[in-house]
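With mmCIF, N, CA and C atoms inside, this is coords.cif:
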data_input
#
loop_
_atom_site.label_atom_id
_atom_site.label_comp_id
_atom_site.auth_asym_id
_atom_site.auth_seq_id
_atom_site.Cartn_x
_atom_site.Cartn_y
_atom_site.Cartn_z
N MET A 13 59.73 -15.99 -47.21
CA MET A 13 58.43 -15.87 -46.57
C MET A 13 57.53 -16.97 -47.12
N GLY A 14 57.01 -17.80 -46.25
CA GLY A 14 56.21 -18.93 -46.65
C GLY A 14 54.83 -18.56 -47.16
N GLN A 15 54.22 -17.56 -46.60
CA GLN A 15 52.87 -17.16 -47.00
C GLN A 15 52.97 -15.99 -47.97
N ASN A 16 51.96 -15.86 -48.84
CA ASN A 16 51.97 -14.68 -49.69
C ASN A 16 51.34 -13.51 -48.92
N LEU A 17 51.54 -12.33 -49.44
CA LEU A 17 51.12 -11.12 -48.74
C LEU A 17 49.62 -11.09 -48.51
N GLN A 18 48.82 -11.52 -49.47
CA GLN A 18 47.36 -11.51 -49.30
C GLN A 18 46.94 -12.40 -48.13
N ASP A 19 47.58 -13.55 -47.97
CA ASP A 19 47.26 -14.45 -46.86
C ASP A 19 47.62 -13.82 -45.52
N ILE A 20 48.75 -13.15 -45.49
CA ILE A 20 49.16 -12.50 -44.24
C ILE A 20 48.19 -11.37 -43.90
N ILE A 21 47.80 -10.60 -44.89
CA ILE A 21 46.83 -9.52 -44.66
C ILE A 21 45.53 -10.08 -44.11
N LYS A 22 45.04 -11.17 -44.69
CA LYS A 22 43.80 -11.79 -44.20
C LYS A 22 43.94 -12.20 -42.73
N LYS A 23 45.08 -12.77 -42.38
CA LYS A 23 45.32 -13.15 -40.98
C LYS A 23 45.29 -11.90 -40.09
N LEU A 24 45.98 -10.85 -40.52
CA LEU A 24 46.04 -9.62 -39.71
C LEU A 24 44.67 -8.96 -39.59
N GLU A 25 43.85 -9.07 -40.61
CA GLU A 25 42.50 -8.49 -40.56
C GLU A 25 41.66 -9.12 -39.46
N THR A 26 41.97 -10.32 -39.04
CA THR A 26 41.20 -10.96 -37.96
C THR A 26 41.44 -10.26 -36.62
N TYR A 27 42.45 -9.40 -36.56
CA TYR A 27 42.75 -8.67 -35.33
C TYR A 27 42.14 -7.27 -35.31
N LYS A 28 41.31 -6.94 -36.31
CA LYS A 28 40.64 -5.64 -36.30
C LYS A 28 39.73 -5.55 -35.08
N ALA A 29 39.72 -4.40 -34.45
CA ALA A 29 38.92 -4.16 -33.24
C ALA A 29 39.27 -5.17 -32.15
N SER A 30 40.56 -5.39 -31.96
CA SER A 30 41.00 -6.36 -30.95
C SER A 30 40.79 -5.79 -29.54
N PRO A 31 40.76 -6.65 -28.54
CA PRO A 31 40.59 -6.18 -27.16
C PRO A 31 41.90 -5.63 -26.57
N PHE A 32 42.99 -5.75 -27.31
CA PHE A 32 44.29 -5.27 -26.83
C PHE A 32 44.92 -4.37 -27.89
N PRO A 33 45.77 -3.43 -27.47
CA PRO A 33 46.42 -2.56 -28.45
C PRO A 33 47.42 -3.35 -29.30
N ILE A 34 47.56 -2.93 -30.53
CA ILE A 34 48.48 -3.55 -31.48
C ILE A 34 49.48 -2.49 -31.93
N LEU A 35 50.74 -2.84 -31.85
CA LEU A 35 51.80 -1.96 -32.30
C LEU A 35 52.19 -2.37 -33.71
N SER A 36 51.93 -1.50 -34.69
CA SER A 36 52.26 -1.74 -36.09
C SER A 36 53.48 -0.89 -36.43
N THR A 37 54.51 -1.51 -36.94
CA THR A 37 55.77 -0.81 -37.20
C THR A 37 56.22 -1.08 -38.63
N TYR A 38 56.41 -0.02 -39.39
CA TYR A 38 56.90 -0.09 -40.77
C TYR A 38 58.23 0.65 -40.82
N LEU A 39 59.29 -0.03 -41.26
CA LEU A 39 60.60 0.61 -41.32
C LEU A 39 61.30 0.29 -42.64
N SER A 40 61.91 1.32 -43.22
CA SER A 40 62.74 1.09 -44.39
C SER A 40 64.09 0.57 -43.91
N LEU A 41 64.70 -0.28 -44.72
CA LEU A 41 65.97 -0.89 -44.34
C LEU A 41 67.13 -0.11 -44.97
N PRO A 42 68.17 0.18 -44.19
CA PRO A 42 69.32 0.90 -44.75
C PRO A 42 70.12 -0.01 -45.68
N ASN A 43 70.85 0.60 -46.61
CA ASN A 43 71.67 -0.16 -47.54
C ASN A 43 72.88 -0.80 -46.87
N ASP A 44 73.41 -0.15 -45.86
CA ASP A 44 74.61 -0.61 -45.18
C ASP A 44 74.22 -1.57 -44.05
N GLU A 45 74.57 -2.86 -44.19
CA GLU A 45 74.18 -3.83 -43.18
C GLU A 45 74.80 -3.57 -41.82
N GLN A 46 75.93 -2.88 -41.79
CA GLN A 46 76.55 -2.59 -40.49
C GLN A 46 75.73 -1.57 -39.70
N LEU A 47 74.96 -0.76 -40.40
CA LEU A 47 74.11 0.23 -39.74
C LEU A 47 72.73 -0.33 -39.43
N LEU A 48 72.45 -1.53 -39.92
CA LEU A 48 71.11 -2.10 -39.87
C LEU A 48 70.51 -2.10 -38.47
N ARG A 49 71.12 -2.81 -37.55
CA ARG A 49 70.54 -2.95 -36.21
C ARG A 49 70.45 -1.63 -35.45
N PRO A 50 71.55 -0.88 -35.34
CA PRO A 50 71.41 0.37 -34.57
C PRO A 50 70.42 1.34 -35.21
N HIS A 51 70.43 1.41 -36.54
CA HIS A 51 69.52 2.33 -37.23
C HIS A 51 68.07 1.96 -36.97
N LEU A 52 67.73 0.70 -37.19
CA LEU A 52 66.34 0.28 -37.03
C LEU A 52 65.86 0.45 -35.60
N TYR A 53 66.67 0.07 -34.64
CA TYR A 53 66.27 0.18 -33.24
C TYR A 53 66.05 1.64 -32.85
N HIS A 54 67.00 2.50 -33.21
CA HIS A 54 66.87 3.91 -32.84
C HIS A 54 65.71 4.58 -33.58
N ARG A 55 65.52 4.22 -34.83
CA ARG A 55 64.40 4.78 -35.60
C ARG A 55 63.07 4.35 -34.98
N PHE A 56 62.96 3.09 -34.58
CA PHE A 56 61.76 2.59 -33.92
C PHE A 56 61.48 3.38 -32.63
N LYS A 57 62.50 3.55 -31.80
CA LYS A 57 62.33 4.27 -30.54
C LYS A 57 61.95 5.74 -30.79
N GLU A 58 62.53 6.32 -31.80
CA GLU A 58 62.25 7.71 -32.17
C GLU A 58 60.78 7.87 -32.59
N LEU A 59 60.32 7.01 -33.47
CA LEU A 59 58.93 7.06 -33.93
C LEU A 59 57.96 6.76 -32.80
N LEU A 60 58.30 5.80 -31.97
CA LEU A 60 57.48 5.45 -30.83
C LEU A 60 57.28 6.65 -29.90
N ALA A 61 58.35 7.36 -29.64
CA ALA A 61 58.28 8.53 -28.77
C ALA A 61 57.39 9.62 -29.37
N GLU A 62 57.32 9.68 -30.70
CA GLU A 62 56.49 10.69 -31.36
C GLU A 62 55.00 10.37 -31.28
N VAL A 63 54.65 9.07 -31.25
CA VAL A 63 53.23 8.71 -31.36
C VAL A 63 52.60 8.14 -30.10
N VAL A 64 53.41 7.63 -29.19
CA VAL A 64 52.86 7.03 -27.98
C VAL A 64 53.44 7.77 -26.77
N PRO A 65 52.59 8.46 -26.01
CA PRO A 65 53.09 9.16 -24.84
C PRO A 65 53.78 8.19 -23.87
N GLU A 66 54.81 8.67 -23.21
CA GLU A 66 55.61 7.83 -22.30
C GLU A 66 54.74 7.11 -21.27
N TYR A 67 53.72 7.78 -20.74
CA TYR A 67 52.88 7.15 -19.72
C TYR A 67 52.06 5.97 -20.27
N GLU A 68 51.90 5.89 -21.59
CA GLU A 68 51.17 4.77 -22.19
C GLU A 68 52.08 3.59 -22.56
N HIS A 69 53.39 3.79 -22.46
CA HIS A 69 54.33 2.72 -22.80
C HIS A 69 54.11 1.49 -21.94
N ARG A 70 53.67 1.68 -20.72
CA ARG A 70 53.46 0.56 -19.81
C ARG A 70 52.42 -0.42 -20.36
N ILE A 71 51.40 0.11 -21.03
CA ILE A 71 50.33 -0.72 -21.58
C ILE A 71 50.85 -1.65 -22.68
N ILE A 72 51.80 -1.15 -23.47
CA ILE A 72 52.33 -1.94 -24.60
C ILE A 72 53.80 -2.30 -24.37
N GLU A 73 54.21 -2.34 -23.14
CA GLU A 73 55.61 -2.59 -22.79
C GLU A 73 56.15 -3.88 -23.41
N ASP A 74 55.39 -4.96 -23.34
CA ASP A 74 55.85 -6.23 -23.92
C ASP A 74 56.04 -6.11 -25.43
N ASP A 75 55.12 -5.42 -26.09
CA ASP A 75 55.21 -5.26 -27.54
C ASP A 75 56.43 -4.42 -27.92
N ILE A 76 56.69 -3.37 -27.16
CA ILE A 76 57.88 -2.54 -27.38
C ILE A 76 59.12 -3.40 -27.21
N ASP A 77 59.15 -4.22 -26.17
CA ASP A 77 60.30 -5.08 -25.91
C ASP A 77 60.49 -6.11 -27.02
N TYR A 78 59.40 -6.74 -27.48
CA TYR A 78 59.49 -7.75 -28.54
C TYR A 78 60.06 -7.14 -29.83
N ILE A 79 59.49 -6.02 -30.23
CA ILE A 79 59.94 -5.39 -31.47
C ILE A 79 61.36 -4.88 -31.32
N GLY A 80 61.66 -4.23 -30.20
CA GLY A 80 63.02 -3.72 -29.98
C GLY A 80 64.06 -4.83 -30.00
N ALA A 81 63.77 -5.93 -29.35
CA ALA A 81 64.71 -7.06 -29.32
C ALA A 81 64.90 -7.64 -30.72
N TYR A 82 63.81 -7.77 -31.46
CA TYR A 82 63.90 -8.31 -32.82
C TYR A 82 64.78 -7.40 -33.69
N LEU A 83 64.57 -6.10 -33.59
CA LEU A 83 65.33 -5.16 -34.41
C LEU A 83 66.81 -5.16 -34.05
N GLN A 84 67.14 -5.45 -32.81
CA GLN A 84 68.55 -5.50 -32.40
C GLN A 84 69.24 -6.78 -32.83
N GLN A 85 68.47 -7.78 -33.28
CA GLN A 85 69.05 -9.05 -33.71
C GLN A 85 68.93 -9.28 -35.21
N ILE A 86 68.24 -8.41 -35.90
CA ILE A 86 67.97 -8.59 -37.33
C ILE A 86 69.29 -8.65 -38.11
N GLU A 87 69.33 -9.52 -39.10
CA GLU A 87 70.51 -9.60 -39.97
C GLU A 87 70.13 -10.25 -41.29
N ASN A 88 71.05 -10.16 -42.23
CA ASN A 88 70.89 -10.83 -43.52
C ASN A 88 69.57 -10.47 -44.21
N ILE A 89 69.46 -9.22 -44.61
CA ILE A 89 68.19 -8.74 -45.17
C ILE A 89 67.97 -9.09 -46.64
N LYS A 90 69.00 -9.55 -47.33
CA LYS A 90 68.87 -10.07 -48.70
C LYS A 90 68.04 -9.18 -49.64
N ARG A 91 68.49 -8.01 -49.88
CA ARG A 91 67.86 -7.11 -50.86
C ARG A 91 66.43 -6.70 -50.53
N ASN A 92 66.02 -6.88 -49.32
CA ASN A 92 64.72 -6.36 -48.93
C ASN A 92 64.86 -4.87 -48.64
N LEU A 93 63.80 -4.13 -48.90
CA LEU A 93 63.84 -2.69 -48.69
C LEU A 93 63.04 -2.25 -47.47
N GLY A 94 62.23 -3.14 -46.93
CA GLY A 94 61.41 -2.76 -45.77
C GLY A 94 61.09 -3.94 -44.89
N VAL A 95 60.80 -3.64 -43.64
CA VAL A 95 60.35 -4.65 -42.69
C VAL A 95 59.13 -4.10 -41.98
N VAL A 96 58.13 -4.97 -41.78
CA VAL A 96 56.90 -4.59 -41.08
C VAL A 96 56.74 -5.56 -39.92
N LEU A 97 56.45 -5.01 -38.74
CA LEU A 97 56.27 -5.84 -37.56
C LEU A 97 54.95 -5.49 -36.89
N PHE A 98 54.24 -6.52 -36.46
CA PHE A 98 52.99 -6.35 -35.71
C PHE A 98 53.13 -7.12 -34.41
N SER A 99 52.78 -6.47 -33.31
CA SER A 99 52.82 -7.14 -32.02
C SER A 99 51.64 -6.64 -31.18
N GLY A 100 51.01 -7.60 -30.48
CA GLY A 100 49.89 -7.20 -29.63
C GLY A 100 49.42 -8.29 -28.70
N GLY A 101 49.20 -7.91 -27.46
CA GLY A 101 48.54 -8.77 -26.49
C GLY A 101 49.18 -10.10 -26.20
N ASN A 102 50.48 -10.22 -26.42
CA ASN A 102 51.16 -11.52 -26.27
C ASN A 102 50.52 -12.61 -27.11
N ILE A 103 49.79 -12.20 -28.15
CA ILE A 103 49.12 -13.15 -29.05
C ILE A 103 49.58 -12.93 -30.49
N LEU A 104 49.59 -11.69 -30.91
CA LEU A 104 49.94 -11.37 -32.29
C LEU A 104 51.42 -11.08 -32.41
N TRP A 105 52.07 -11.78 -33.31
CA TRP A 105 53.46 -11.48 -33.69
C TRP A 105 53.61 -11.84 -35.15
N GLU A 106 53.89 -10.84 -35.96
CA GLU A 106 54.05 -11.07 -37.40
C GLU A 106 55.17 -10.16 -37.89
N VAL A 107 56.09 -10.73 -38.66
CA VAL A 107 57.18 -9.98 -39.27
C VAL A 107 57.12 -10.24 -40.77
N ILE A 108 57.16 -9.17 -41.55
CA ILE A 108 57.08 -9.27 -43.00
C ILE A 108 58.25 -8.48 -43.59
N TYR A 109 59.02 -9.12 -44.45
CA TYR A 109 60.07 -8.42 -45.20
C TYR A 109 59.52 -8.12 -46.58
N LEU A 110 59.80 -6.92 -47.06
CA LEU A 110 59.26 -6.49 -48.34
C LEU A 110 60.36 -6.00 -49.26
N LYS A 111 60.16 -6.21 -50.53
CA LYS A 111 61.08 -5.69 -51.54
C LYS A 111 60.71 -4.25 -51.91
N ASN A 112 59.60 -3.77 -51.32
CA ASN A 112 59.11 -2.42 -51.59
C ASN A 112 59.66 -1.45 -50.54
N PRO A 113 60.00 -0.22 -50.97
CA PRO A 113 60.39 0.79 -49.99
C PRO A 113 59.18 1.20 -49.15
N LEU A 114 59.44 1.58 -47.93
CA LEU A 114 58.37 1.94 -47.00
C LEU A 114 58.63 3.30 -46.38
N GLU A 115 57.54 3.94 -46.02
CA GLU A 115 57.66 5.13 -45.18
C GLU A 115 57.70 4.64 -43.73
N ASP A 116 58.67 5.15 -42.96
CA ASP A 116 58.77 4.74 -41.56
C ASP A 116 57.58 5.26 -40.77
N VAL A 117 56.92 4.33 -40.07
CA VAL A 117 55.77 4.72 -39.26
C VAL A 117 55.56 3.70 -38.16
N VAL A 118 55.14 4.21 -37.00
CA VAL A 118 54.72 3.37 -35.88
C VAL A 118 53.33 3.82 -35.48
N ILE A 119 52.41 2.87 -35.39
CA ILE A 119 51.03 3.17 -35.02
C ILE A 119 50.62 2.22 -33.90
N CYS A 120 50.01 2.77 -32.87
CA CYS A 120 49.45 1.94 -31.80
C CYS A 120 47.94 2.16 -31.81
N ASP A 121 47.21 1.07 -32.05
CA ASP A 121 45.76 1.15 -32.16
C ASP A 121 45.17 -0.21 -31.82
N TYR A 122 43.89 -0.32 -31.78
CA TYR A 122 43.24 -1.59 -31.48
C TYR A 122 42.95 -2.41 -32.74
N SER A 123 43.54 -2.00 -33.85
CA SER A 123 43.52 -2.74 -35.10
C SER A 123 44.89 -2.57 -35.73
N PRO A 124 45.38 -3.59 -36.44
CA PRO A 124 46.66 -3.41 -37.12
C PRO A 124 46.53 -2.35 -38.22
N TYR A 125 47.57 -1.58 -38.41
CA TYR A 125 47.60 -0.56 -39.46
C TYR A 125 48.02 -1.26 -40.75
N LEU A 126 47.09 -1.41 -41.68
CA LEU A 126 47.31 -2.22 -42.88
C LEU A 126 47.33 -1.43 -44.18
N SER A 127 47.04 -0.15 -44.16
CA SER A 127 46.94 0.63 -45.41
C SER A 127 48.15 0.46 -46.33
N PRO A 128 49.39 0.57 -45.82
CA PRO A 128 50.52 0.38 -46.73
C PRO A 128 50.58 -1.03 -47.33
N LEU A 129 50.19 -2.04 -46.55
CA LEU A 129 50.19 -3.41 -47.08
C LEU A 129 49.12 -3.59 -48.15
N TYR A 130 47.95 -2.97 -47.94
CA TYR A 130 46.91 -3.02 -48.97
C TYR A 130 47.42 -2.43 -50.27
N GLU A 131 48.12 -1.31 -50.16
CA GLU A 131 48.64 -0.64 -51.36
C GLU A 131 49.68 -1.52 -52.06
N ILE A 132 50.59 -2.10 -51.29
CA ILE A 132 51.62 -2.97 -51.87
C ILE A 132 50.99 -4.20 -52.50
N ALA A 133 50.03 -4.81 -51.82
CA ALA A 133 49.35 -6.00 -52.36
C ALA A 133 48.62 -5.66 -53.64
N SER A 134 48.01 -4.49 -53.70
CA SER A 134 47.29 -4.07 -54.89
C SER A 134 48.23 -3.87 -56.05
N ILE A 135 49.37 -3.25 -55.81
CA ILE A 135 50.37 -3.04 -56.84
C ILE A 135 50.89 -4.38 -57.33
N SER A 136 51.21 -5.27 -56.40
CA SER A 136 51.74 -6.60 -56.76
C SER A 136 50.73 -7.38 -57.57
N TYR A 137 49.46 -7.26 -57.18
CA TYR A 137 48.39 -8.00 -57.84
C TYR A 137 48.19 -7.54 -59.28
N HIS A 138 48.38 -6.24 -59.52
CA HIS A 138 48.11 -5.67 -60.84
C HIS A 138 49.33 -5.71 -61.76
N VAL A 139 50.46 -6.13 -61.27
CA VAL A 139 51.67 -6.16 -62.10
C VAL A 139 51.69 -7.39 -62.96
#

Could you write out this file's structure as structure tokens?
Amino acid sequence: MGQNLQDIIKKLETYKASPFPILSTYLSLPNDEQLLRPHLYHRFKELLAEVVPEYEHRIIEDDIDYIGAYLQQIENIKRNLGVVLFSGGNILWEVIYLKNPLEDVVICDYSPYLSPLYEIASISYHV
């Protein structure tokens, strides 16, 4: 990752109160690389179904497609424990690999969901 986490967070903060919905996706990575793609894709779809009603999928259809396609092609995770993806409005696309474990969550809102990143950045900063 070329940028440090604080720089990425600052960039994402510029999308607070955006005019378009932003899909924030946090997923823990499985230990078995052979399970990686199917697990991540199905977990994403499962969480999405829990938080975004089917009739609203049309509004964020491109974001769902971008994230889903990325998760189906992901490989070579190199000891990372989590992946975070942000997609919105055909403008925002950010993927972050983390060495920190994550709680799986999908949030659709008009601001990126950054609380877990703030916590990780704070821990990293104080270590």

Neighbour list for Asp116 (chain A) as a ChimeraX atom specification, cut-off 7 Å, only N, CA and C atoms, skip fewer than 5 positions in-chain
/A:37-40

Please write the residues picked by the PyMOL selection byres ((chain A and resi 75-78) around 7) on this file as number ranges by chain.
A: 35, 71-74, 79-83, 99-102

Hey, which of A:Ser36, A:Asn92, A:Thr26, A:Gln85 ends up closest to Ser127 (chain A)? Count only C-alpha atoms.
A:Ser36

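Close contacts of Ser30 (chain A), defined as residues with an atom at most 7 Å away when counting all atoms listed in the file, with chain neighbours fewer than 3 positions off set aside, comprise Thr26, Tyr27, Pro33, Asp121, Tyr122, Ser123 and Pro124 of chain A.
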
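Separating atom N of Glu87 (chain A) from atom C of Arg70 (chain A) is a distance of 26.8 Å.
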
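In this model, the gap between atom N of Glu58 (chain A) and atom N of Pro113 (chain A) comes to 20.4 Å.
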
DSSP-assigned helix (DSSP H, G or I) members of chain A, reported as a ChimeraX atom specification
/A:17-25,45-63,66-68,73-85,127-138

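When CA of Leu41 (chain A) is paired with CA of Leu93 (chain A), their separation reads 5.2 Å.
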
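For the structure in this document, the set picked by the PyMOL selection byres (((chain A and resi 106-111 and name CA) around 6) and name CA) is Asn92, Leu93, Gly94, Val95, Val96, Leu97, Phe98, Trp105 and Asn112 of chain A.
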
For region 29-48 of chain A, what centre and edge lengths in Å (one decimal) does the axis-aligned box get once 5 Å is added on each side of all its listed atoms, as AutoDock Vina command-line options?
--center_x 57.7 --center_y -2.7 --center_z -37.1 --size_x 47.6 --size_y 18.0 --size_z 31.0

Apply DSSP to the backbone of this structure and, from chain A, keep only the residues in strand (DSSP E); write these as a CSV table (one decimal) with N, CA and C atoms, in the frame of the given file.
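So the final result, stored in out-v6.csv, reads:
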chain,number,residue,atom,x,y,z
A,34,ILE,N,47.6,-2.9,-30.5
A,34,ILE,CA,48.5,-3.6,-31.5
A,34,ILE,C,49.5,-2.5,-31.9
A,35,LEU,N,50.7,-2.8,-31.8
A,35,LEU,CA,51.8,-2.0,-32.3
A,35,LEU,C,52.2,-2.4,-33.7
A,36,SER,N,51.9,-1.5,-34.7
A,36,SER,CA,52.3,-1.7,-36.1
A,36,SER,C,53.5,-0.9,-36.4
A,37,THR,N,54.5,-1.5,-36.9
A,37,THR,CA,55.8,-0.8,-37.2
A,37,THR,C,56.2,-1.1,-38.6
A,38,TYR,N,56.4,0.0,-39.4
A,38,TYR,CA,56.9,-0.1,-40.8
A,38,TYR,C,58.2,0.6,-40.8
A,39,LEU,N,59.3,0.0,-41.3
A,39,LEU,CA,60.6,0.6,-41.3
A,39,LEU,C,61.3,0.3,-42.6
A,40,SER,N,61.9,1.3,-43.2
A,40,SER,CA,62.7,1.1,-44.4
A,40,SER,C,64.1,0.6,-43.9
A,94,GLY,N,62.2,-3.1,-46.9
A,94,GLY,CA,61.4,-2.8,-45.8
A,94,GLY,C,61.1,-3.9,-44.9
A,95,VAL,N,60.8,-3.6,-43.6
A,95,VAL,CA,60.4,-4.6,-42.7
A,95,VAL,C,59.1,-4.1,-42.0
A,96,VAL,N,58.1,-5.0,-41.8
A,96,VAL,CA,56.9,-4.6,-41.1
A,96,VAL,C,56.7,-5.6,-39.9
A,97,LEU,N,56.4,-5.0,-38.7
A,97,LEU,CA,56.3,-5.8,-37.6
A,97,LEU,C,55.0,-5.5,-36.9
A,98,PHE,N,54.2,-6.5,-36.5
A,98,PHE,CA,53.0,-6.4,-35.7
A,98,PHE,C,53.1,-7.1,-34.4
A,99,SER,N,52.8,-6.5,-33.3
A,99,SER,CA,52.8,-7.1,-32.0
A,99,SER,C,51.6,-6.6,-31.2
A,100,GLY,N,51.0,-7.6,-30.5
A,100,GLY,CA,49.9,-7.2,-29.6
A,100,GLY,C,49.4,-8.3,-28.7
A,104,LEU,N,49.6,-11.7,-30.9
A,104,LEU,CA,49.9,-11.4,-32.3
A,104,LEU,C,51.4,-11.1,-32.4
A,105,TRP,N,52.1,-11.8,-33.3
A,105,TRP,CA,53.5,-11.5,-33.7
A,105,TRP,C,53.6,-11.8,-35.2
A,106,GLU,N,53.9,-10.8,-36.0
A,106,GLU,CA,54.0,-11.1,-37.4
A,106,GLU,C,55.2,-10.2,-37.9
A,107,VAL,N,56.1,-10.7,-38.7
A,107,VAL,CA,57.2,-10.0,-39.3
A,107,VAL,C,57.1,-10.2,-40.8
A,108,ILE,N,57.2,-9.2,-41.6
A,108,ILE,CA,57.1,-9.3,-43.0
A,108,ILE,C,58.2,-8.5,-43.6
A,109,TYR,N,59.0,-9.1,-44.4
A,109,TYR,CA,60.1,-8.4,-45.2
A,109,TYR,C,59.5,-8.1,-46.6
A,110,LEU,N,59.8,-6.9,-47.1
A,110,LEU,CA,59.3,-6.5,-48.3
A,110,LEU,C,60.4,-6.0,-49.3
A,117,VAL,N,56.9,4.3,-40.1
A,117,VAL,CA,55.8,4.7,-39.3
A,117,VAL,C,55.6,3.7,-38.2
A,118,VAL,N,55.1,4.2,-37.0
A,118,VAL,CA,54.7,3.4,-35.9
A,118,VAL,C,53.3,3.8,-35.5
A,119,ILE,N,52.4,2.9,-35.4
A,119,ILE,CA,51.0,3.2,-35.0
A,119,ILE,C,50.6,2.2,-33.9
A,120,CYS,N,50.0,2.8,-32.9
A,120,CYS,CA,49.4,1.9,-31.8
A,120,CYS,C,47.9,2.2,-31.8
A,121,ASP,N,47.2,1.1,-32.0
A,121,ASP,CA,45.8,1.2,-32.2
A,121,ASP,C,45.2,-0.2,-31.8

Taking a cut-off of 8 Å and counting all atoms listed in the file, can you build a table that, for each residue of region 43-134 of chain A near region 13-22 of chain A, reports the nearest atom pair and how far apart they are in Å (one decimal), sorted by chain then residue number, as a tab-separated table?
residue	atom	partner	partner_atom	distance
A:Ile108	CA	A:Met13	CA	7.6
A:Tyr109	N	A:Met13	CA	7.1
A:Leu126	CA	A:Ile21	CA	7.5
A:Leu129	C	A:Ile21	CA	7.3
A:Tyr130	N	A:Ile21	CA	7.4
A:Ile132	C	A:Leu17	CA	7.9
A:Ala133	CA	A:Gln18	N	6.3

Sorted by chain and rising residue number, which residues of region 88-128 of chain A lie within 8 Å of region 44-56 of chain A, and what are their closest atom pairs and distances in Å to one decimal, counting all atoms listed in the file, as JSON lines?
{"residue": "A:Asn88", "atom": "N", "partner": "A:Glu45", "partner_atom": "CA", "distance": 7.1}
{"residue": "A:Ile89", "atom": "N", "partner": "A:Glu45", "partner_atom": "CA", "distance": 7.3}
{"residue": "A:Asp116", "atom": "CA", "partner": "A:Arg55", "partner_atom": "C", "distance": 7.9}
{"residue": "A:Val117", "atom": "C", "partner": "A:Phe56", "partner_atom": "CA", "distance": 7.6}
{"residue": "A:Val118", "atom": "CA", "partner": "A:Phe56", "partner_atom": "CA", "distance": 7.3}

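Considering only C-alpha atoms, the residue among A:Cys120, A:Ile34, A:Glu115, A:Pro128 positioned nearest to Leu60 (chain A) is A:Cys120.
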
If you count only C-alpha atoms, the residue of A:Glu68, A:Ile103, A:Leu114, A:Val63 closest to Pro31 (chain A) turns out to be A:Ile103
